[in-house]
>>> print(open('my_file-v2.cif').read())   # mmCIF, C-alpha atoms and all ligand atoms
data_entry
#
loop_
_atom_site.label_atom_id
_atom_site.label_comp_id
_atom_site.auth_asym_id
_atom_site.auth_seq_id
_atom_site.Cartn_x
_atom_site.Cartn_y
_atom_site.Cartn_z
CA MET A 4 -19.22 12.32 19.76
CA ALA A 5 -21.69 15.10 18.90
CA GLN A 6 -23.19 16.84 21.94
CA GLN A 7 -25.66 19.60 22.82
CA SER A 8 -26.24 22.35 25.37
CA HIS A 9 -29.46 24.36 25.54
CA THR A 10 -30.97 27.68 26.67
CA SER A 11 -34.29 29.33 25.87
CA ASP A 12 -36.75 32.04 26.80
CA HIS A 13 -38.28 29.39 29.07
CA ILE A 14 -34.97 28.72 30.71
CA SER A 15 -36.30 28.18 34.21
CA ARG A 16 -38.55 25.33 33.12
CA ARG A 17 -35.77 23.72 31.09
CA GLN A 18 -33.32 24.07 33.93
CA LEU A 19 -35.79 22.52 36.35
CA LEU A 20 -36.45 19.61 34.01
CA THR A 21 -32.76 19.11 33.44
CA ALA A 22 -32.19 19.01 37.17
CA LEU A 23 -35.00 16.48 37.54
CA GLY A 24 -34.23 14.15 34.75
CA GLY A 25 -31.36 14.98 32.43
CA THR A 26 -31.35 15.89 28.78
CA VAL A 27 -33.23 12.84 27.48
CA VAL A 28 -36.24 13.66 29.67
CA VAL A 29 -36.06 17.35 28.76
CA GLY A 30 -36.37 16.46 25.09
CA ALA A 31 -39.60 14.62 25.77
CA ILE A 32 -41.45 16.90 28.20
CA ALA A 33 -40.21 20.42 27.68
CA THR A 34 -43.58 21.86 26.64
CA PRO A 35 -46.43 22.91 28.94
CA PHE A 36 -50.19 22.35 28.89
CA GLY A 37 -52.53 24.25 26.63
CA PHE A 38 -53.27 25.71 23.22
CA ASP A 39 -50.15 27.51 22.11
CA THR A 40 -50.43 28.03 18.36
CA ASN A 41 -49.07 31.57 18.42
CA ARG A 42 -46.71 31.50 21.42
CA ILE A 43 -43.40 31.31 19.63
CA GLU A 44 -40.45 30.13 21.72
CA VAL A 45 -36.86 31.05 20.93
CA ASN A 46 -34.74 28.03 21.79
CA GLU A 47 -30.98 28.33 21.75
CA ASP A 48 -28.74 25.29 21.46
CA THR A 49 -25.01 24.83 21.14
CA LEU A 50 -24.22 21.73 19.12
CA HIS A 51 -20.78 20.14 19.28
CA LEU A 52 -20.26 18.34 15.98
CA ASP A 53 -17.92 15.77 14.48
CA ASN A 54 -16.09 16.52 11.22
CA PHE A 55 -16.50 20.22 11.94
CA ASP A 56 -14.15 23.12 12.57
CA ALA A 57 -16.11 26.27 11.57
CA ASP A 58 -16.36 27.05 15.25
CA GLY A 59 -19.02 29.47 16.48
CA ILE A 60 -21.25 30.00 13.46
CA LYS A 61 -24.78 30.93 14.49
CA ILE A 62 -27.71 29.55 12.46
CA ALA A 63 -31.37 30.55 12.85
CA VAL A 64 -33.75 27.75 11.90
CA ILE A 65 -37.30 28.71 10.90
CA SER A 66 -39.14 25.70 9.57
CA ASP A 67 -42.63 24.80 8.39
CA LEU A 68 -43.95 28.33 7.93
CA HIS A 69 -47.27 27.16 6.43
CA SER A 70 -47.97 30.78 5.62
CA GLU A 71 -51.25 30.97 3.73
CA THR A 72 -53.56 32.99 5.97
CA GLN A 73 -53.26 36.40 7.60
CA ASP A 74 -52.64 34.59 10.92
CA GLY A 75 -49.85 32.57 9.33
CA LEU A 76 -48.31 35.68 7.84
CA LYS A 77 -48.42 37.42 11.22
CA ARG A 78 -46.75 34.41 12.86
CA CYS A 79 -44.01 34.52 10.22
CA SER A 80 -43.47 38.20 10.86
CA GLN A 81 -43.06 37.53 14.59
CA ALA A 82 -40.73 34.60 13.98
CA PHE A 83 -38.56 36.56 11.56
CA ASP A 84 -38.32 39.40 14.04
CA LEU A 85 -37.31 37.03 16.87
CA ALA A 86 -34.71 35.34 14.69
CA SER A 87 -33.35 38.64 13.46
CA ARG A 88 -32.81 39.87 17.02
CA ALA A 89 -30.49 36.90 17.63
CA LYS A 90 -28.18 38.28 14.90
CA PRO A 91 -27.56 34.95 13.13
CA ASP A 92 -24.85 34.50 10.53
CA VAL A 93 -27.30 32.65 8.32
CA VAL A 94 -31.01 31.73 8.34
CA VAL A 95 -32.15 28.31 7.12
CA MET A 96 -35.71 27.29 6.28
CA PRO A 97 -35.99 23.56 5.60
CA GLY A 98 -39.32 23.46 3.81
CA ASP A 99 -43.13 23.71 3.99
CA PHE A 100 -43.69 27.38 3.26
CA ALA A 101 -47.40 26.82 2.67
CA THR A 102 -49.78 23.90 2.93
CA ARG A 103 -51.09 24.04 -0.62
CA GLY A 104 -48.99 25.31 -3.47
CA TYR A 105 -51.97 26.69 -5.34
CA GLU A 106 -53.43 29.97 -6.51
CA HIS A 107 -55.04 31.17 -3.29
CA THR A 108 -51.69 31.31 -1.50
CA LYS A 109 -50.02 33.55 -4.06
CA GLU A 110 -50.35 36.96 -2.41
CA ILE A 111 -49.65 35.70 1.14
CA LEU A 112 -46.56 33.92 -0.14
CA ARG A 113 -45.35 37.00 -1.96
CA GLN A 114 -45.63 38.98 1.28
CA THR A 115 -43.98 36.17 3.27
CA PHE A 116 -40.90 36.13 1.05
CA GLU A 117 -40.87 39.94 0.96
CA LEU A 118 -40.74 39.96 4.78
CA MET A 119 -37.57 37.85 4.63
CA GLY A 120 -35.88 40.98 3.31
CA MET A 121 -35.51 42.05 6.96
CA PHE A 122 -32.59 39.65 7.35
CA SER A 123 -29.16 41.12 6.84
CA CYS A 124 -27.69 37.64 6.32
CA PRO A 125 -28.30 34.94 3.68
CA VAL A 126 -31.56 32.97 3.84
CA LEU A 127 -31.20 29.39 2.56
CA VAL A 128 -34.29 27.36 1.67
CA THR A 129 -35.23 23.83 0.61
CA HIS A 130 -38.56 22.28 -0.33
CA GLY A 131 -40.93 20.38 1.93
CA ASN A 132 -43.62 17.98 0.80
CA HIS A 133 -46.35 20.60 1.12
CA ASP A 134 -44.45 22.92 -1.18
CA TYR A 135 -45.42 20.56 -4.00
CA GLY A 136 -49.11 20.61 -3.08
CA MET A 137 -51.38 19.08 -0.50
CA THR A 138 -51.03 15.45 -1.45
CA GLY A 139 -47.30 15.38 -2.01
CA ASN A 140 -47.83 13.70 -5.36
CA LYS A 141 -46.83 16.62 -7.54
CA ARG A 142 -43.14 16.20 -8.20
CA ASP A 143 -43.13 18.94 -10.79
CA GLY A 144 -42.19 22.12 -8.93
CA ARG A 145 -43.16 24.27 -11.92
CA LYS A 146 -46.78 23.92 -10.87
CA SER A 147 -46.16 25.09 -7.32
CA ARG A 148 -46.92 28.66 -6.30
CA VAL A 149 -44.58 28.16 -3.35
CA ILE A 150 -41.60 27.28 -5.49
CA GLU A 151 -42.49 30.06 -7.91
CA ALA A 152 -42.49 32.53 -5.00
CA MET A 153 -39.07 31.24 -3.86
CA ARG A 154 -37.63 31.69 -7.33
CA HIS A 155 -38.83 35.29 -7.50
CA SER A 156 -37.47 36.22 -4.08
CA ASN A 157 -33.99 36.96 -2.75
CA VAL A 158 -33.63 33.71 -0.84
CA ILE A 159 -30.99 31.16 -1.83
CA HIS A 160 -32.90 28.23 -3.24
CA LEU A 161 -31.20 24.85 -2.75
CA PRO A 162 -33.13 21.95 -4.31
CA ASN A 163 -30.33 19.35 -4.50
CA GLN A 164 -27.83 22.21 -4.60
CA ILE A 165 -25.07 23.52 -2.36
CA HIS A 166 -24.11 26.96 -1.08
CA LYS A 167 -20.72 27.67 0.43
CA PHE A 168 -20.63 30.27 3.19
CA GLN A 169 -18.09 31.12 5.91
CA GLY A 170 -16.23 27.85 5.55
CA LEU A 171 -19.38 25.72 5.56
CA THR A 172 -21.09 23.85 2.77
CA PHE A 173 -24.87 24.02 3.06
CA TRP A 174 -26.38 21.16 1.06
CA GLY A 175 -30.08 21.44 0.38
CA ILE A 176 -31.62 18.07 -0.47
CA ASP A 177 -35.03 18.16 -2.11
CA ASP A 178 -38.12 16.62 -0.59
CA ALA A 179 -38.13 12.91 0.27
CA VAL A 180 -41.89 12.34 0.55
CA VAL A 181 -42.38 13.28 -3.10
CA GLY A 182 -39.23 11.36 -4.05
CA ASN A 183 -37.12 14.28 -5.28
CA ASP A 184 -34.30 13.69 -2.76
CA ARG A 185 -30.87 13.02 -4.29
CA TYR A 186 -27.75 12.09 -2.36
CA ASP A 187 -25.10 11.98 -5.09
CA TYR A 188 -24.12 15.65 -5.34
CA PHE A 189 -20.54 14.87 -4.29
CA ASP A 190 -18.64 12.35 -6.42
CA GLY A 191 -16.09 11.65 -3.70
CA ALA A 192 -15.84 12.54 -0.06
CA VAL A 193 -18.26 15.02 1.46
CA PRO A 194 -16.38 18.21 2.42
CA LYS A 195 -15.73 18.97 6.07
CA ASN A 196 -18.29 21.34 7.66
CA THR A 197 -21.21 20.18 5.51
CA VAL A 198 -24.66 20.96 6.89
CA VAL A 199 -27.57 19.22 5.17
CA LEU A 200 -31.01 20.82 4.94
CA LEU A 201 -33.61 18.12 4.34
CA HIS A 202 -37.27 18.47 5.29
CA GLU A 203 -37.99 14.94 6.55
CA PRO A 204 -35.88 13.78 9.52
CA ASP A 205 -36.47 10.04 9.22
CA VAL A 206 -34.32 9.77 6.09
CA VAL A 207 -31.22 10.79 8.03
CA ASP A 208 -29.77 7.33 7.36
CA ARG A 209 -29.78 8.05 3.59
CA VAL A 210 -27.36 10.97 3.95
CA PRO A 211 -23.76 10.13 2.99
CA LYS A 212 -21.16 9.71 5.71
CA GLY A 213 -19.05 12.73 6.50
CA CYS A 214 -21.78 15.37 6.89
CA SER A 215 -21.51 17.29 10.16
CA LEU A 216 -25.21 17.94 10.75
CA MET A 217 -28.62 17.55 9.16
CA ILE A 218 -31.34 20.12 9.92
CA SER A 219 -34.99 19.11 9.41
CA GLY A 220 -38.54 20.13 10.23
CA HIS A 221 -41.70 18.37 9.00
CA THR A 222 -42.98 16.90 12.30
CA HIS A 223 -44.09 20.19 13.90
CA GLY A 224 -42.92 18.45 17.08
CA GLY A 225 -46.12 16.41 17.00
CA GLN A 226 -48.25 19.58 16.67
CA ILE A 227 -51.15 18.29 18.82
CA CYS A 228 -49.44 16.57 21.71
CA LEU A 229 -50.30 14.94 25.00
CA PRO A 230 -49.56 17.05 28.08
CA PHE A 231 -45.87 17.77 28.53
CA GLY A 232 -45.39 17.78 24.75
CA ILE A 233 -45.46 14.04 24.18
CA PRO A 234 -46.15 13.49 20.46
CA ILE A 235 -49.00 11.17 19.50
CA THR A 236 -48.12 10.56 15.88
CA GLY A 237 -46.19 12.08 13.01
CA PRO A 238 -46.39 12.42 9.24
CA PRO A 239 -44.77 10.01 6.77
CA LEU A 240 -40.96 10.09 7.28
CA GLY A 241 -41.54 12.04 10.50
CA LYS A 242 -42.35 9.34 13.01
CA LYS A 243 -38.94 8.55 14.53
CA TYR A 244 -37.32 11.90 15.31
CA PHE A 245 -39.80 14.55 16.50
CA SER A 246 -37.82 17.50 17.80
CA GLY A 247 -34.48 18.56 19.20
CA PHE A 248 -30.99 17.17 18.78
CA TYR A 249 -30.14 13.54 18.04
CA SER A 250 -26.45 12.73 18.35
CA HIS A 251 -26.62 8.96 17.81
CA THR A 252 -28.14 8.99 14.32
CA PRO A 253 -25.80 8.14 11.41
CA THR A 254 -25.44 11.90 10.87
CA ALA A 255 -26.08 14.23 13.84
CA LEU A 256 -29.66 15.50 13.41
CA PHE A 257 -31.52 18.58 14.59
CA VAL A 258 -35.32 18.68 14.16
CA SER A 259 -37.19 21.95 14.57
CA LYS A 260 -40.82 22.01 15.68
CA GLY A 261 -41.26 24.85 13.22
CA ILE A 262 -43.71 27.72 13.48
CA GLY A 263 -46.75 26.72 11.41
CA VAL A 264 -49.70 24.38 11.67
CA THR A 265 -51.65 22.13 9.33
CA THR A 266 -54.38 21.24 11.84
CA GLY A 267 -55.49 24.79 12.67
CA PHE A 268 -53.93 24.82 16.12
CA ARG A 269 -51.17 23.42 18.29
CA TYR A 270 -51.69 21.84 21.68
CA CYS A 271 -48.91 21.32 24.23
CA CYS A 272 -46.44 21.98 21.43
CA PRO A 273 -45.60 25.66 20.93
CA PRO A 274 -43.98 26.88 17.72
CA GLU A 275 -40.29 27.60 17.90
CA VAL A 276 -37.46 29.50 16.30
CA ASN A 277 -34.14 27.76 16.89
CA ILE A 278 -30.84 29.52 17.26
CA LEU A 279 -28.04 27.00 16.81
CA THR A 280 -24.43 27.73 17.56
CA LEU A 281 -22.20 25.11 15.95
CA ARG A 282 -18.93 24.09 17.55
CA ARG A 283 -16.38 21.35 17.03
CA ALA A 284 -16.83 18.25 19.17
FE FE B 1 -44.98 21.14 7.76
#
>>> encode(input="my_file-v2.cif", output="structure tokens", more="lines below")
Ligand SMILES: [Fe+2]
Amino acid sequence: MAQQSHTSDHISRRQLLTALGGTVVVGAIATPFGFDTNRIEVNEDTLHLDNFDADGIKIAVISDLHSETQDGLKRCSQAFDLASRAKPDVVVMPGDFATRGYEHTKEILRQTFELMGMFSCPVLVTHGNHDYGMTGNKRDGRKSRVIEAMRHSNVIHLPNQIHKFQGLTFWGIDDAVVGNDRYDYFDGAVPKNTVVLLHEPDVVDRVPKGCSLMISGHTHGGQICLPFGIPITGPPLGKKYFSGFYSHTPTALFVSKGIGVTTGFRYCCPPEVNILTLRRA
């Protein structure tokens, strides 16, 4: 059975909560009081996975950048720097690079993708609903400034595509809210050590059997939460799994709170960069 262990830059709080209530409680109340839009946490987790033997690979997850203002760009710069210091083997960004894929984001996006050049490892990206535009109704990625910026950068773009790296198969599945998600890439069995990148966590039950892990974002952890980080509501396809590791889903699932905002601020829900070390169960 898939399992998790956790450390972070707020280790004392996590340790205290663990001592008080165990891992289930920690997942629900591990954030403090207050406005914390720009206080990026670095949370480290070791995930023990089924159908997995690429022991020890380190993945940095930076989700939901929503980089379309100077503040957003600055937050990305900080997050990239924090992730880079962890010396990951690979960086994954499972969608929502900006909130609106239109003209006014063009220069900020260009700079955002240029900043990703600081990584000395591959950067793998998939689309989120906002990458198609505000409403999520624009299935045609050719009209999106976000997707255009991805295509002109050095990131590895995985809309319903795979990328093999260090014995793993990273499978980027396109956005589910806009209906571009496809699950039939493999004719037969899914290869061992397959990690799915799919923006919306609640479609984890659509992923074929045999995948080791799915990494998502989308929820922002609730973004504006009740004290102790209790989410109030979530977006479409982001209402069941808000943040952290879920080992009892059909495929083991990790949901990042991401670094960006769509409401202008976060409350009781700081942004996070996740450093995941994957190990066999
Ligand atoms: Fe988002």
>>> residues_near_ligand(input="my_file-v2.cif", ligand="ligand FE 1 (chain B)", cutoff="10 Å", atoms="only C-alpha atoms and all ligand atoms", output="VMD selection string")
chain A and resid 66 to 69 97 to 102 131 to 134 202 to 203 220 to 224 226 238 260 to 265
>>> residues_near_point(input="my_file-v2.cif", point="(-27.5, 29.5, 3.7)", cutoff="7 Å", atoms="only C-alpha atoms", output="list in words")
Val93, Val94, Val95, Pro125, Val126, Leu127, Ile159, His166, Phe168 and Phe173 of chain A
>>> atom_distance(input="my_file-v2.cif", atom1="atom CA of Leu279 of chain A", atom2="atom CA of Ile235 of chain A")
26.4 Å
>>> atom_distance(input="my_file-v2.cif", atom1="atom CA of Lys243 of chain A", atom2="atom CA of Asp208 of chain A")
11.7 Å
>>> closest_residue(input="my_file-v2.cif", among="A:Phe248, A:Ala255, A:Phe122, A:Leu201", to="Cys214 of chain A", atoms="all atoms listed in the file")
A:Ala255
>>> closest_residue(input="my_file-v2.cif", among="A:Met153, A:Ile60, A:Gln81, A:Gly37", to="Phe116 of chain A", atoms="all atoms listed in the file")
A:Met153
>>> residues_around(input="my_file-v2.cif", residues="Ala284 of chain A", least_positions_apart="4", cutoff="8 Å", atoms="all atoms listed in the file", output="PyMOL selection string")
chain A and resi 4-6+51-53+55
>>> closest_residue(input="my_file-v2.cif", among="A:His160, A:Phe38, A:Glu110, A:Ser87", to="Phe268 of chain A", atoms="only C-alpha atoms")
A:Phe38
>>> atom_distance(input="my_file-v2.cif", atom1="atom CA of Leu216 of chain A", atom2="atom CA of Pro239 of chain A")
21.5 Å
>>> closest_residue(input="my_file-v2.cif", among="A:Val64, A:Asp39, A:Leu76, A:Ile176", to="Ile227 of chain A", atoms="only C-alpha atoms")
A:Asp39
>>> closest_residue(input="my_file-v2.cif", among="A:Ala63, A:Cys271, A:Leu112, A:Ile278", to="Arg42 of chain A", atoms="all atoms listed in the file")
A:Cys271
>>> closest_residue(input="my_file-v2.cif", among="A:Ser156, A:Ser80, A:Asn54, A:Gln73", to="Arg113 of chain A", atoms="only C-alpha atoms")
A:Ser156
>>> build_atoms(input="my_file-v2.cif", residues="segment 76-105 of chain A", atoms="N, CA and C atoms", output="JSON list (two decimals), keeping the file's coordinate frame")
[["chain", "number", "residue", "atom", "x", "y", "z"],
["A", 76, "LEU", "N", -49.23, 34.61, 8.23],
["A", 76, "LEU", "CA", -48.31, 35.68, 7.84],
["A", 76, "LEU", "C", -47.84, 36.45, 9.07],
["A", 77, "LYS", "N", -48.77, 36.70, 9.99],
["A", 77, "LYS", "CA", -48.42, 37.42, 11.22],
["A", 77, "LYS", "C", -47.42, 36.60, 12.05],
["A", 78, "ARG", "N", -47.65, 35.29, 12.11],
["A", 78, "ARG", "CA", -46.75, 34.41, 12.86],
["A", 78, "ARG", "C", -45.35, 34.43, 12.23],
["A", 79, "CYS", "N", -45.31, 34.44, 10.90],
["A", 79, "CYS", "CA", -44.01, 34.52, 10.22],
["A", 79, "CYS", "C", -43.30, 35.82, 10.57],
["A", 80, "SER", "N", -44.06, 36.91, 10.55],
["A", 80, "SER", "CA", -43.47, 38.20, 10.86],
["A", 80, "SER", "C", -42.85, 38.20, 12.25],
["A", 81, "GLN", "N", -43.58, 37.62, 13.21],
["A", 81, "GLN", "CA", -43.06, 37.53, 14.59],
["A", 81, "GLN", "C", -41.81, 36.66, 14.64],
["A", 82, "ALA", "N", -41.87, 35.53, 13.95],
["A", 82, "ALA", "CA", -40.73, 34.60, 13.98],
["A", 82, "ALA", "C", -39.50, 35.24, 13.33],
["A", 83, "PHE", "N", -39.70, 35.93, 12.24],
["A", 83, "PHE", "CA", -38.56, 36.56, 11.56],
["A", 83, "PHE", "C", -37.94, 37.62, 12.47],
["A", 84, "ASP", "N", -38.81, 38.37, 13.13],
["A", 84, "ASP", "CA", -38.32, 39.40, 14.04],
["A", 84, "ASP", "C", -37.51, 38.78, 15.19],
["A", 85, "LEU", "N", -38.02, 37.71, 15.77],
["A", 85, "LEU", "CA", -37.31, 37.03, 16.87],
["A", 85, "LEU", "C", -35.96, 36.49, 16.39],
["A", 86, "ALA", "N", -35.96, 35.89, 15.22],
["A", 86, "ALA", "CA", -34.71, 35.34, 14.69],
["A", 86, "ALA", "C", -33.71, 36.45, 14.38],
["A", 87, "SER", "N", -34.22, 37.52, 13.83],
["A", 87, "SER", "CA", -33.35, 38.64, 13.46],
["A", 87, "SER", "C", -32.65, 39.24, 14.67],
["A", 88, "ARG", "N", -33.39, 39.31, 15.79],
["A", 88, "ARG", "CA", -32.81, 39.87, 17.02],
["A", 88, "ARG", "C", -31.63, 39.04, 17.53],
["A", 89, "ALA", "N", -31.60, 37.76, 17.18],
["A", 89, "ALA", "CA", -30.49, 36.90, 17.63],
["A", 89, "ALA", "C", -29.22, 37.12, 16.81],
["A", 90, "LYS", "N", -29.32, 37.95, 15.76],
["A", 90, "LYS", "CA", -28.18, 38.28, 14.90],
["A", 90, "LYS", "C", -27.46, 37.01, 14.37],
["A", 91, "PRO", "N", -28.19, 36.16, 13.67],
["A", 91, "PRO", "CA", -27.56, 34.95, 13.13],
["A", 91, "PRO", "C", -26.62, 35.29, 11.97],
["A", 92, "ASP", "N", -25.71, 34.36, 11.71],
["A", 92, "ASP", "CA", -24.85, 34.50, 10.53],
["A", 92, "ASP", "C", -25.59, 34.06, 9.27],
["A", 93, "VAL", "N", -26.54, 33.17, 9.46],
["A", 93, "VAL", "CA", -27.30, 32.65, 8.32],
["A", 93, "VAL", "C", -28.65, 32.15, 8.84],
["A", 94, "VAL", "N", -29.68, 32.26, 8.01],
["A", 94, "VAL", "CA", -31.01, 31.73, 8.34],
["A", 94, "VAL", "C", -31.28, 30.56, 7.41],
["A", 95, "VAL", "N", -31.77, 29.44, 7.97],
["A", 95, "VAL", "CA", -32.15, 28.31, 7.12],
["A", 95, "VAL", "C", -33.63, 27.99, 7.34],
["A", 96, "MET", "N", -34.29, 27.63, 6.24],
["A", 96, "MET", "CA", -35.71, 27.29, 6.28],
["A", 96, "MET", "C", -35.89, 25.98, 5.52],
["A", 97, "PRO", "N", -35.96, 24.87, 6.27],
["A", 97, "PRO", "CA", -35.99, 23.56, 5.60],
["A", 97, "PRO", "C", -37.38, 23.08, 5.20],
["A", 98, "GLY", "N", -38.14, 23.92, 4.50],
["A", 98, "GLY", "CA", -39.32, 23.46, 3.81],
["A", 98, "GLY", "C", -40.66, 23.70, 4.47],
["A", 99, "ASP", "N", -41.71, 23.50, 3.66],
["A", 99, "ASP", "CA", -43.13, 23.71, 3.99],
["A", 99, "ASP", "C", -43.42, 25.19, 4.25],
["A", 100, "PHE", "N", -43.41, 25.94, 3.17],
["A", 100, "PHE", "CA", -43.69, 27.38, 3.26],
["A", 100, "PHE", "C", -45.20, 27.64, 3.26],
["A", 101, "ALA", "N", -45.94, 26.75, 2.64],
["A", 101, "ALA", "CA", -47.40, 26.82, 2.67],
["A", 101, "ALA", "C", -47.93, 25.39, 2.66],
["A", 102, "THR", "N", -49.22, 25.25, 2.90],
["A", 102, "THR", "CA", -49.78, 23.90, 2.93],
["A", 102, "THR", "C", -50.19, 23.45, 1.54],
["A", 103, "ARG", "N", -50.70, 24.37, 0.75],
["A", 103, "ARG", "CA", -51.09, 24.04, -0.62],
["A", 103, "ARG", "C", -50.38, 25.00, -1.56],
["A", 104, "GLY", "N", -49.73, 24.45, -2.54],
["A", 104, "GLY", "CA", -48.99, 25.31, -3.47],
["A", 104, "GLY", "C", -49.85, 25.85, -4.59],
["A", 105, "TYR", "N", -51.05, 26.31, -4.28],
["A", 105, "TYR", "CA", -51.97, 26.69, -5.34],
["A", 105, "TYR", "C", -52.25, 28.18, -5.35]]
